[in-house]
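Presented below is the structure to which this report refers.
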Amino acid sequence: MKRTSVFIGFIFLLLIVGCASQTVMDRLTLGTVQASLHEGLSQAEVQAALGAPNIVSKDATGREVWTYDKIYKQSESRSFFFWMSSTSTQKTLTVLITFDENSRVTEYKYHGTEF
């Protein structure tokens, strides 16, 4: 009985962690970036809107720069009797956010591609 409880608890924990991770990554969309970013936001507000950045660095003037990078693939398959076709689209979204000495957004840039 104890092993069953431990196993069920472990599976429950994996489901919670898996769902939480997916939710954070799903926040980074072009629409979210356009709707939630503006100059003057604090680092905490940016992180609440977009999640943790992929890379934190400094620019040539010493200002902190957060980089968000998302790559995802969309596939579609169709079949009709013995005929099958599939298409695949890869999309990328890169967001660069620069903060001033007070940890406020001074500028941001984003670039999306689809191929």
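Please note that chains go A, B, ... in the order of the structure tokens, that every chain numbers its residues from 1, and that ligands are numbered from 1 in the order shown.
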
Q: Find the residues near Ser86 in chain A: any atom within 12 Å, counting only C-alpha atoms, skip ones fewer than 3 places away on the same chain, and give them as a list of chain:residue names.
A: A:Gln74, A:Ser75, A:Glu76, A:Ser77, A:Arg78, A:Ser79, A:Phe80, A:Trp83, A:Thr89

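Taking only C-alpha atoms, the non-local environment of Arg27 in chain A within 12 Å (same-chain residues fewer than 6 positions away omitted) comprises Ala20, Ser21, Val33, Gln34, Ala35, Ser36, Val46, Gln47, Ala48, Ala49, Leu50, Gly51, Ala52, Pro53, Tyr68, Asp69, Lys70 and Leu93 of chain A.
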
Q. Excluding same-chain residues fewer than 2 positions from Lys73 in chain A, what lies within 9 Å of it counting only C-alpha atoms, as a list in words?
A.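 Contacts, in chain order: Ile71, Ser75, Ser88, Thr89, Gln90, Lys91 and Thr92 of chain A.
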
Q: Excluding range 96-104 of chain A and any residue of its chain fewer than 3 positions from it, enumerate the residues within 12 Å of it, using only C-alpha atoms, and give them as a PyMOL selection string.
A: chain A and resi 33+37-47+50+53-69+93+107-112

Export, as a short mmCIF file (atom, residue, chain, number, x, y, z; two decimals), in the first residue's frame, the selected residues with N, CA and C atoms.
data_model
loop_
_atom_site.label_atom_id
_atom_site.label_comp_id
_atom_site.auth_asym_id
_atom_site.auth_seq_id
_atom_site.Cartn_x
_atom_site.Cartn_y
_atom_site.Cartn_z
N VAL A 33 4.01 39.53 -26.26
CA VAL A 33 5.10 40.52 -26.27
C VAL A 33 4.55 41.89 -26.64
N LEU A 37 4.64 44.36 -23.20
CA LEU A 37 5.90 45.08 -23.04
C LEU A 37 5.74 46.57 -23.37
N HIS A 38 6.32 47.40 -22.53
CA HIS A 38 6.43 48.82 -22.82
C HIS A 38 7.54 49.39 -21.94
N GLU A 39 8.04 50.53 -22.32
CA GLU A 39 9.12 51.16 -21.57
C GLU A 39 8.66 51.49 -20.15
N GLY A 40 9.55 51.32 -19.18
CA GLY A 40 9.25 51.64 -17.80
C GLY A 40 8.87 50.45 -16.94
N LEU A 41 8.60 49.30 -17.56
CA LEU A 41 8.27 48.11 -16.77
C LEU A 41 9.47 47.67 -15.94
N SER A 42 9.21 47.12 -14.76
CA SER A 42 10.30 46.58 -13.94
C SER A 42 10.65 45.17 -14.40
N GLN A 43 11.80 44.68 -13.96
CA GLN A 43 12.20 43.32 -14.30
C GLN A 43 11.18 42.30 -13.77
N ALA A 44 10.64 42.55 -12.58
CA ALA A 44 9.65 41.64 -12.00
C ALA A 44 8.38 41.59 -12.85
N GLU A 45 7.96 42.74 -13.38
CA GLU A 45 6.77 42.78 -14.23
C GLU A 45 7.00 42.05 -15.55
N VAL A 46 8.19 42.20 -16.11
CA VAL A 46 8.53 41.50 -17.35
C VAL A 46 8.54 39.99 -17.10
N GLN A 47 9.15 39.58 -16.02
CA GLN A 47 9.22 38.16 -15.71
C GLN A 47 7.83 37.59 -15.42
N LEU A 50 6.31 37.28 -19.09
CA LEU A 50 6.95 36.41 -20.08
C LEU A 50 7.67 35.20 -19.50
N PRO A 53 13.96 34.72 -18.54
CA PRO A 53 14.64 34.82 -19.84
C PRO A 53 15.55 33.62 -20.08
N ASN A 54 15.84 33.37 -21.36
CA ASN A 54 16.79 32.31 -21.72
C ASN A 54 18.22 32.72 -21.43
N ILE A 55 18.53 34.00 -21.68
CA ILE A 55 19.91 34.50 -21.52
C ILE A 55 19.84 35.88 -20.86
N VAL A 56 20.73 36.12 -19.90
CA VAL A 56 20.89 37.44 -19.29
C VAL A 56 22.33 37.87 -19.57
N SER A 57 22.50 39.06 -20.18
CA SER A 57 23.85 39.55 -20.53
C SER A 57 23.90 41.06 -20.33
N LYS A 58 25.03 41.65 -20.68
CA LYS A 58 25.21 43.11 -20.61
C LYS A 58 25.58 43.61 -22.00
N ASP A 59 25.11 44.81 -22.34
CA ASP A 59 25.49 45.40 -23.63
C ASP A 59 26.80 46.19 -23.47
N ALA A 60 27.20 46.88 -24.52
CA ALA A 60 28.48 47.59 -24.52
C ALA A 60 28.54 48.71 -23.48
N THR A 61 27.39 49.25 -23.09
CA THR A 61 27.36 50.33 -22.10
C THR A 61 27.13 49.81 -20.68
N GLY A 62 27.04 48.49 -20.51
CA GLY A 62 26.87 47.90 -19.19
C GLY A 62 25.43 47.69 -18.76
N ARG A 63 24.47 47.99 -19.65
CA ARG A 63 23.06 47.77 -19.31
C ARG A 63 22.71 46.29 -19.43
N GLU A 64 21.83 45.83 -18.55
CA GLU A 64 21.43 44.42 -18.56
C GLU A 64 20.46 44.18 -19.72
N VAL A 65 20.67 43.06 -20.43
CA VAL A 65 19.83 42.68 -21.56
C VAL A 65 19.31 41.27 -21.33
N TRP A 66 17.99 41.13 -21.42
CA TRP A 66 17.37 39.81 -21.32
C TRP A 66 17.00 39.34 -22.72
N THR A 67 17.31 38.08 -23.00
CA THR A 67 16.99 37.49 -24.30
C THR A 67 16.02 36.34 -24.10
N TYR A 68 14.93 36.41 -24.82
CA TYR A 68 13.95 35.32 -24.87
C TYR A 68 14.02 34.74 -26.27
N ASP A 69 14.08 33.43 -26.38
CA ASP A 69 14.19 32.78 -27.68
C ASP A 69 13.29 31.56 -27.69
N LEU A 93 10.81 33.08 -32.47
CA LEU A 93 10.54 34.39 -31.90
C LEU A 93 11.69 34.72 -30.97
N GLU A 107 14.31 49.81 -23.63
CA GLU A 107 13.94 49.50 -25.01
C GLU A 107 13.76 47.99 -25.15
N TYR A 108 13.03 47.61 -26.18
CA TYR A 108 12.86 46.19 -26.48
C TYR A 108 12.71 46.03 -27.99
N LYS A 109 13.17 44.88 -28.47
CA LYS A 109 13.09 44.55 -29.89
C LYS A 109 12.63 43.11 -29.99
N TYR A 110 11.91 42.79 -31.03
CA TYR A 110 11.53 41.40 -31.26
C TYR A 110 11.58 41.10 -32.75
N HIS A 111 11.80 39.84 -33.05
CA HIS A 111 11.89 39.40 -34.44
C HIS A 111 11.31 38.01 -34.53
N GLY A 112 10.39 37.82 -35.44
CA GLY A 112 9.80 36.51 -35.68
C GLY A 112 10.03 36.06 -37.10
#

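Take the candidates A:Phe82, A:Thr94, A:Glu114, A:Thr87 and check each one against Leu28 in chain A using only C-alpha atoms; the shortest distance goes to A:Thr94.
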